[in-house]
Amino acid sequence: MITRTKYNPKEIEAKWQKHWEEQQLYHAPDDSPKPRFYNLVMLPYPSGDLHMGHWYNYAQADAYGRFKRMNGFNVMQPMGFDAFGLPAENAAIKHGIQAHTWTLANIVKMREQLKMMGAAWDWEREIISCLPDYYKWSQWLFLQFYKHGLAYRTKAPANWCPSCNTTLANEQVLANGTCERCGTTVIRKEIDQWLLRITKYAEELLDFSQIEWPEKTVTMQHNWIGRSEGAEIRFSIEVEGQTEQIPVFTTRPDTIYGVTFFVLAPEHPFVAKITTPQQRAEVEAYIDQARRETEIERMNAEKEKTGVFTGSYVTNPINGEQVPVWIADYVLMGYGAGAIMGVPAHDQRDFEFARNFGIPIVEVIRPEDEEPTDPATWHGAKLAYGMMVNSGPFNGTPGEEAKTAVIKYIEEKGVGQATVTYRLRDWLISRQRYWGAPIPVVYCDTHGMVPVPEDQLPVILPEHVEFKSTGESPLRYEPDFVNTTCPTCGGPATREADTMDTFICSSWYFLRYADPKNAEQAWSQEAMRRWLPVDQYIGGAEHAVMHLLYARFFIKALRDMGHMNFNEPFTRLFHQGIVLGPDGQKMSKSRGNVVAPDEYVTKYGADTVRGYMMFIGPFDQGGTFKSENLAGVWRFLTRFWDLIGENWVENPNSAETPASQAVERLRHKTIKRVTEEISNLRFNTALAALMECNNALIKLQSEEVAHSAAFQRTLENMLQLLAPLAPHIAEELWQQTGHTGSIHTTEWPQYNEEKTRDENFTLVVQVNGKVRERIDVAADISEQNARILALGNERVASFIGDATVQKVIYVPGKLINIVVRK
RNA sequence: GGGGCGGUGGUGAAAUGGUAGACACAGGGGACUUAAAAUCCCCAGGCUGAACAAGCCGUGAGGGUUCGAGUCCCUCCCGCCCUACCA
């Protein structure tokens with residue numbers, strides 16, 4: 001017998017957390033002979049508060065890692081902080097506390113909160129992205145990208161607040177197109193920016209064959225990359241007596257005879273050259289207006305089509321026709337060629353534009369069985385493929401064939417070729433911000449732009465800066481930072497004052513966990529081979545096209561540089577659902593429905609809060625936080641605690657009885673269910689299975705079978721099955737029941753399929769598919785006997801009546817269905 | 001407009017094409033208690049019914065496939081999320 005005490009989570013949780021830490025129980029050694037399992041969750045931003053969403057995500061991820069550990073894997077489950085970014089800078093501006101101080105204080109607090117979860121984090125591997133020993137390598141990576149032509153500097157349009165005199169991230173532009181700080185309308189401005197050439201990997205990034213990711217995420221990345229097959233076609237134009245070519249991109253070369261106008265994006269370099277003097281004033285006014293518009297306004301498809309005629313004409317290369325050149329903001333400089341051929345009959349946007357400006361509409365594609373109609377009577381463009389009409393020598397060419405025929409023709413004529421275009425743009429990584437990793441580049445009067453040599457890294461970010469109200473990066477005003485010498489000539493030079501997008505830091509953190517203390521390299525080849533790629537990655541779906549795409553790009557680029565021998569960073573990906581506030585709304589400070597876990601941890605203990613998070617529902621669905629539901633898990637843990645306290649015996653009775661055999665079946669069934677559920681990240685049903693087992697054992701506890709070896713074995717296995725979900729109570733009871741060593745290093749209980757089978761089952765008897773009777777029968781009943789039993793049953797007979805039995809369906813172990821007809 | 005996810009009791013939810021509602025929460029009844037809390041036991045999809053007799057209906061709506069559909073197929077309705085002038 002063990003000493004009976006009351007379940008007191010507060011006491012035991014603190015005790016075991018301390019013990020595990022002292023024992024370094026969760027450190028993943030580099031030299032283990034066991035197979036590795038890299039179990040990763042997206043690292044948090046150190047906001048200073050660990051909220052319910054973190055618990056929801058981390059508790060279940062932790063349970064999975066613990067399950068894998070008990071199943072014989074050397075599990076690496078690291079934790080760290082994505083510590084650069086705007087909130088720290090805003091806190092600095094608002095409260096006058098330095099971003100560095102604010103962030104590190106938050107990390108101290110959050111680390112404590114994370115430890116209260118009792119999760120198996122390997123703190124030996126912790127990384128903090130805002131510390132020099134980490135961002136040194138972010139800078140080193142930038143230099144590698146630069147060296148391989150994957151990082152470049154160019155003028156790129158950015159959101160610009162004319163009042164704050166700075167660029168803004170897209171997230172800082174409010175929905176109505178104004179600056180979040182001062183309310184001024186944000187405009188677009190061309191400034192020098194650093195970009196990474198992610199577009200070079202567009203094609204390979206479309207290949208998801210080596211990873212097991214949610215279909216939804218694959219689709220989102222696929223759409224984001226946006227591959228379009230079509231043709232580049234060059235239209236010619238006379239500029240100051242010279243013939244120049246303007247290319248367009250189209251996915252519908254088959255409609256080229258329907259071109260009745262031509263449109264350039266307002267920013268297109270040709271606009272100034274081709275605008276006639278009479279049209280100049282109007283065109284310039286339009287460009288000015290377009291520039292003032294935010295991207296959000298401009299991309300609103302509901303908006304009326306606007307545009308201005310430039311006064312010039314281009315020549316359609318296929319038929320020599322002259323068509324007017326317009327500029328319009330529905331054509332975007334950043335996509336395709338920044339120019340389009342206007343085919344109003346077969347493109348909805350062109351149709352609307354032509355209608356607005358009285359441009360002719362010519363039908364050139366028509367389904368074979370359709371009569372010609374007057375386009376003036378149409379209500380919209382005809383997008384379907386069909387036979388070419390009004391298309392000179394191409395008349396009668398059908399569907400897809402029409403596309404290839406036109407492409408072949410333009411290629412032969414040398415006025416264009418088949419092309420693939422992607423929606424994906426290069427990744428703009430410069431931020432005119434302080435709290436980020438400095439871009440390791442200097443500008444010298446003699447040598448121009450010079451990358452900082454690797455042996456001079458890190459370029460240290462000053463911990464103390466002064467925030468002035470200019471809105472510019474404070475780094476620009478730090479002489480000690482900005483003023484430096486040229487690495488090439490030693491002459492005076494200026495440092496780049498822009499910092500890197502924080503997504504750079506999070507694009508490779510999972511590599512650093514494998515070799516977190518390496519002072520010589522970002523990681524060793526050995527560490528890569530040992531730990532990467534990540535086996536299971538768990539995180540929010542909101543990162544589907546940002547972080548998750550950038551990380552894939554990083555791995556592919558680094559592989560091509562010779563730093564990796566694998567193609568994808570995350571083999572299996574899982575998106576957890578979102579925990580909503582008690583009002584069913586997304587938790588947010590402004591709504592005032594944010595639930596802090598701390599008070600519930602104090603009241604019920606971490607194990608109950610963990611369990612409740614799992615019990616809310618399927619892991620990928622999230623759910624509404626309801627404090628009253630914590631009671632269910634609390635009661636279960638308490639009852640289980642008491643069950644063991646009152647029934648654990650040291651010398652059980654090993655005799656087999658029918659009752660003990662039934663308990664033994666329950667044991668095998670429960671192991672099977674819990675094993676399968678956790679394997680599939682279904683913690684809600686895993687917990688339900690344990691509850692069922694618990695309830696069943698409670699019913700038996702006053703009977704003799706409670707002293708049987710089978711019963712005791714079941715209690716023991718229950719503890720192990722519970723260990724990943726509620727690690728503290730399981731460890732405590734493991735110790736109380738006289739075991740030595742941690743339960744978390746024990747081997748996961750095994751079940752025998754044979755022994756999960758019942759001796760009897762309830763044979764369901766249906767008549768015409770409706771359940772009419774349930775008969776308890778032996779598990780191995782023959783079909784013949786089942787038939788006899790069913791047909792001989794009085795109730796069943798009354799439902800059959802005088803109808804004729806047509807056939808009998810027998811499903812072994814389940815049911816028998818008697819099909820009758822009158 | 002495009003893409004995705006979902007719709008099952010009062011609530012959260014279970015259910016390899018085979019007994020719909022496991023497991024819980026809230027609720028009702030009872031036990032214990034001076035009382036409350038906690039704990040324990042019992043009830044609980046809807047309708048008809050005195051019934052713990054029996055029957056009928058029931059997984060957003062309507063069709064279909066099947067001996068049998070919450071589950072598969074088609075059409076539609078509703079909700080949520082993402083995305084959006086991409087040529």
# chains A, B, ... in the order shown; residues from 1 in each chain; ligands from 1
$ residues_around --residues "stretch 699-707 of chain A" --least-positions-apart "2" --cutoff "9 Å" --atoms "only C-alpha atoms (C1' of nucleotides)" --output "short mmCIF file (atom, residue, chain, number, x, y, z; two decimals) with all heavy atoms, in the first residue's frame"
data_model
loop_
_atom_site.label_atom_id
_atom_site.label_comp_id
_atom_site.auth_asym_id
_atom_site.auth_seq_id
_atom_site.Cartn_x
_atom_site.Cartn_y
_atom_site.Cartn_z
N LEU A 643 -7.79 6.41 -7.19
CA LEU A 643 -7.86 5.01 -7.61
C LEU A 643 -6.56 4.29 -7.30
O LEU A 643 -6.55 3.19 -6.73
CB LEU A 643 -8.15 4.93 -9.11
CG LEU A 643 -8.16 3.53 -9.73
CD1 LEU A 643 -9.43 2.78 -9.33
CD2 LEU A 643 -8.05 3.59 -11.24
N GLU A 646 -5.83 4.11 -3.45
CA GLU A 646 -6.64 3.17 -2.68
C GLU A 646 -6.46 1.73 -3.12
O GLU A 646 -6.89 0.81 -2.41
CB GLU A 646 -8.12 3.56 -2.78
CG GLU A 646 -8.43 4.78 -1.91
CD GLU A 646 -9.75 5.44 -2.28
OE1 GLU A 646 -10.65 4.72 -2.75
OE2 GLU A 646 -9.85 6.67 -2.12
N ASN A 647 -5.89 1.52 -4.29
CA ASN A 647 -5.88 0.14 -4.80
C ASN A 647 -4.51 -0.44 -5.10
O ASN A 647 -4.41 -1.61 -5.47
CB ASN A 647 -6.72 0.06 -6.07
CG ASN A 647 -8.18 0.34 -5.77
OD1 ASN A 647 -8.89 -0.50 -5.25
ND2 ASN A 647 -8.61 1.56 -6.05
N TRP A 648 -3.47 0.38 -5.00
CA TRP A 648 -2.16 -0.16 -5.33
C TRP A 648 -1.71 -1.15 -4.26
O TRP A 648 -1.74 -0.85 -3.08
CB TRP A 648 -1.14 0.97 -5.46
CG TRP A 648 0.21 0.44 -5.85
CD1 TRP A 648 1.26 0.19 -5.03
CD2 TRP A 648 0.60 0.02 -7.14
NE1 TRP A 648 2.30 -0.34 -5.72
CE2 TRP A 648 1.93 -0.47 -7.03
CE3 TRP A 648 -0.03 -0.01 -8.39
CZ2 TRP A 648 2.64 -0.97 -8.13
CZ3 TRP A 648 0.69 -0.50 -9.47
CH2 TRP A 648 2.01 -0.97 -9.33
N VAL A 649 -1.36 -2.35 -4.66
CA VAL A 649 -0.84 -3.35 -3.71
C VAL A 649 0.49 -3.86 -4.22
O VAL A 649 0.72 -3.90 -5.43
CB VAL A 649 -1.81 -4.55 -3.52
CG1 VAL A 649 -3.04 -4.11 -2.76
CG2 VAL A 649 -2.18 -5.16 -4.85
N ASN A 651 1.83 -6.94 -3.52
CA ASN A 651 1.84 -8.36 -3.89
C ASN A 651 0.51 -8.77 -4.46
O ASN A 651 -0.34 -9.34 -3.76
CB ASN A 651 2.18 -9.21 -2.67
CG ASN A 651 3.54 -8.84 -2.11
OD1 ASN A 651 4.54 -8.91 -2.81
ND2 ASN A 651 3.55 -8.41 -0.86
N PRO A 652 0.29 -8.51 -5.72
CA PRO A 652 -1.02 -8.82 -6.31
C PRO A 652 -1.21 -10.32 -6.47
O PRO A 652 -0.26 -11.09 -6.48
CB PRO A 652 -0.97 -8.13 -7.67
CG PRO A 652 0.47 -8.01 -7.99
CD PRO A 652 1.21 -7.91 -6.69
N ASN A 653 -2.45 -10.66 -6.62
CA ASN A 653 -2.84 -12.04 -6.81
C ASN A 653 -2.74 -12.38 -8.29
O ASN A 653 -3.44 -11.82 -9.12
CB ASN A 653 -4.29 -12.15 -6.30
CG ASN A 653 -4.85 -13.52 -6.53
OD1 ASN A 653 -4.19 -14.39 -7.09
ND2 ASN A 653 -6.08 -13.70 -6.08
N SER A 654 -1.85 -13.32 -8.59
CA SER A 654 -1.60 -13.57 -10.01
C SER A 654 -2.52 -14.62 -10.64
O SER A 654 -2.38 -14.94 -11.80
CB SER A 654 -0.14 -13.96 -10.22
OG SER A 654 0.14 -15.09 -9.43
N THR A 657 -8.72 -15.24 -13.41
CA THR A 657 -10.15 -15.48 -13.25
C THR A 657 -10.84 -14.81 -14.43
O THR A 657 -10.22 -14.00 -15.12
CB THR A 657 -10.66 -14.82 -11.96
OG1 THR A 657 -10.46 -13.42 -12.08
CG2 THR A 657 -9.93 -15.35 -10.73
N ALA A 659 -12.85 -12.47 -14.33
CA ALA A 659 -12.81 -11.03 -14.08
C ALA A 659 -11.44 -10.44 -14.42
O ALA A 659 -11.34 -9.37 -15.01
CB ALA A 659 -13.18 -10.73 -12.63
N SER A 660 -10.40 -11.15 -14.04
CA SER A 660 -9.05 -10.64 -14.33
C SER A 660 -8.78 -10.66 -15.82
O SER A 660 -8.09 -9.80 -16.36
CB SER A 660 -7.99 -11.44 -13.56
OG SER A 660 -7.69 -12.64 -14.23
N VAL A 663 -10.27 -7.57 -17.25
CA VAL A 663 -9.42 -6.42 -16.98
C VAL A 663 -8.23 -6.42 -17.94
O VAL A 663 -7.82 -5.39 -18.47
CB VAL A 663 -8.95 -6.40 -15.51
CG1 VAL A 663 -7.86 -5.36 -15.29
CG2 VAL A 663 -10.12 -6.14 -14.58
N ASN A 694 -10.37 4.49 -16.72
CA ASN A 694 -10.43 4.91 -15.33
C ASN A 694 -11.81 4.62 -14.73
O ASN A 694 -11.92 4.05 -13.64
CB ASN A 694 -10.12 6.41 -15.27
CG ASN A 694 -9.83 6.91 -13.87
OD1 ASN A 694 -9.11 6.26 -13.12
ND2 ASN A 694 -10.40 8.04 -13.51
N ASN A 695 -12.85 5.01 -15.46
CA ASN A 695 -14.21 4.77 -14.98
C ASN A 695 -14.48 3.29 -14.77
O ASN A 695 -15.11 2.90 -13.79
CB ASN A 695 -15.24 5.34 -15.97
CG ASN A 695 -15.19 6.86 -16.03
OD1 ASN A 695 -14.61 7.50 -15.14
ND2 ASN A 695 -15.76 7.44 -17.07
N ALA A 696 -13.98 2.49 -15.71
CA ALA A 696 -14.20 1.05 -15.61
C ALA A 696 -13.49 0.47 -14.38
O ALA A 696 -14.06 -0.36 -13.65
CB ALA A 696 -13.71 0.36 -16.88
N LEU A 697 -12.27 0.90 -14.14
CA LEU A 697 -11.52 0.39 -12.99
C LEU A 697 -12.15 0.85 -11.67
O LEU A 697 -12.17 0.10 -10.70
CB LEU A 697 -10.06 0.85 -13.06
CG LEU A 697 -9.23 0.30 -14.22
CD1 LEU A 697 -7.79 0.77 -14.12
CD2 LEU A 697 -9.27 -1.23 -14.27
N ALA A 709 -3.19 -9.29 -10.44
CA ALA A 709 -2.01 -8.78 -11.16
C ALA A 709 -2.46 -7.98 -12.39
O ALA A 709 -1.87 -6.96 -12.73
CB ALA A 709 -1.12 -9.93 -11.58
N ALA A 710 -3.54 -8.45 -13.03
CA ALA A 710 -4.03 -7.77 -14.23
C ALA A 710 -4.44 -6.34 -13.90
O ALA A 710 -4.13 -5.39 -14.64
CB ALA A 710 -5.21 -8.53 -14.83
N PHE A 711 -5.12 -6.18 -12.79
CA PHE A 711 -5.58 -4.85 -12.37
C PHE A 711 -4.39 -3.94 -12.09
O PHE A 711 -4.35 -2.79 -12.52
CB PHE A 711 -6.46 -5.00 -11.12
CG PHE A 711 -7.29 -3.79 -10.79
CD1 PHE A 711 -8.61 -3.70 -11.21
CD2 PHE A 711 -6.76 -2.75 -10.04
CE1 PHE A 711 -9.38 -2.59 -10.90
CE2 PHE A 711 -7.53 -1.63 -9.73
CZ PHE A 711 -8.85 -1.55 -10.15
N GLN A 712 -3.44 -4.48 -11.37
CA GLN A 712 -2.25 -3.69 -11.02
C GLN A 712 -1.45 -3.31 -12.26
O GLN A 712 -0.94 -2.20 -12.38
CB GLN A 712 -1.37 -4.47 -10.03
CG GLN A 712 -2.09 -4.83 -8.73
CD GLN A 712 -2.53 -3.61 -7.93
OE1 GLN A 712 -1.79 -2.65 -7.81
NE2 GLN A 712 -3.76 -3.63 -7.41
#
$ atom_distance --atom1 "atom CA of A:Val343" --atom2 "atom CA of A:Thr255"
7.0 Å
$ closest_residue --among "B:U39, B:U34, B:U65, B:U59" --to "chain A" --atoms "only C-alpha atoms (C1' of nucleotides)"
B:U39
$ interface_residues --of "chain B" --to "chain A" --cutoff "10 Å" --atoms "only C-alpha atoms (C1' of nucleotides)" --output "number ranges by chain"
B: 1, 3-6, 12-14, 18-19, 22-26, 67-68, 82-87
$ residues_around --residues "A:Gln24" --least-positions-apart "5" --cutoff "10 Å" --atoms "only C-alpha atoms (C1' of nucleotides)" --output "MDAnalysis selection string"
chainID A and resid 18:19 120:124
$ write_last_selection --atoms "all heavy atoms" --output "compact mmCIF listing (two decimals), in the first residue's frame"
# COMPACT_ATOMS: atom_id res chain seq x y z
N LYS A 18 11.64 20.86 -10.93
CA LYS A 18 12.98 21.10 -10.41
C LYS A 18 13.86 19.86 -10.62
O LYS A 18 14.99 19.95 -11.09
CB LYS A 18 12.87 21.44 -8.92
CG LYS A 18 14.16 21.86 -8.26
CD LYS A 18 13.86 22.61 -6.96
CE LYS A 18 15.12 22.76 -6.12
NZ LYS A 18 15.36 21.60 -5.23
N HIS A 19 13.28 18.73 -10.30
CA HIS A 19 14.01 17.47 -10.41
C HIS A 19 14.44 17.19 -11.86
O HIS A 19 15.58 16.86 -12.13
CB HIS A 19 13.12 16.34 -9.89
CG HIS A 19 13.80 15.00 -9.89
ND1 HIS A 19 14.69 14.63 -8.90
CD2 HIS A 19 13.73 13.96 -10.76
CE1 HIS A 19 15.13 13.41 -9.17
NE2 HIS A 19 14.57 12.98 -10.29
N ALA A 120 8.86 19.21 -22.06
CA ALA A 120 10.19 18.62 -22.12
C ALA A 120 11.12 19.41 -23.04
O ALA A 120 11.76 18.85 -23.93
CB ALA A 120 10.08 17.16 -22.58
N TRP A 121 11.21 20.72 -22.80
CA TRP A 121 12.10 21.51 -23.65
C TRP A 121 13.55 21.21 -23.29
O TRP A 121 13.90 21.08 -22.13
CB TRP A 121 11.88 23.02 -23.45
CG TRP A 121 10.46 23.46 -23.53
CD1 TRP A 121 9.75 24.11 -22.56
CD2 TRP A 121 9.56 23.30 -24.63
NE1 TRP A 121 8.48 24.35 -22.99
CE2 TRP A 121 8.33 23.87 -24.25
CE3 TRP A 121 9.67 22.73 -25.91
CZ2 TRP A 121 7.22 23.88 -25.09
CZ3 TRP A 121 8.58 22.74 -26.74
CH2 TRP A 121 7.37 23.32 -26.33
N ASP A 122 14.36 21.19 -24.32
CA ASP A 122 15.80 21.02 -24.13
C ASP A 122 16.41 22.42 -24.03
O ASP A 122 16.82 23.00 -25.02
CB ASP A 122 16.38 20.25 -25.33
CG ASP A 122 17.86 19.99 -25.16
OD1 ASP A 122 18.45 20.49 -24.17
OD2 ASP A 122 18.42 19.27 -26.01
N TRP A 123 16.46 22.95 -22.82
CA TRP A 123 16.92 24.33 -22.64
C TRP A 123 18.39 24.51 -22.95
O TRP A 123 18.86 25.62 -23.16
CB TRP A 123 16.60 24.83 -21.22
CG TRP A 123 15.13 25.05 -21.03
CD1 TRP A 123 14.27 24.23 -20.34
CD2 TRP A 123 14.33 26.10 -21.58
NE1 TRP A 123 12.98 24.73 -20.41
CE2 TRP A 123 12.99 25.87 -21.17
CE3 TRP A 123 14.60 27.21 -22.39
CZ2 TRP A 123 11.94 26.72 -21.53
CZ3 TRP A 123 13.55 28.05 -22.73
CH2 TRP A 123 12.24 27.80 -22.31
N GLU A 124 19.12 23.41 -23.00
CA GLU A 124 20.53 23.48 -23.40
C GLU A 124 20.68 24.05 -24.81
O GLU A 124 21.74 24.51 -25.20
CB GLU A 124 21.12 22.06 -23.43
CG GLU A 124 21.24 21.42 -22.07
CD GLU A 124 22.35 22.05 -21.28
OE1 GLU A 124 23.51 21.90 -21.69
OE2 GLU A 124 22.04 22.70 -20.26
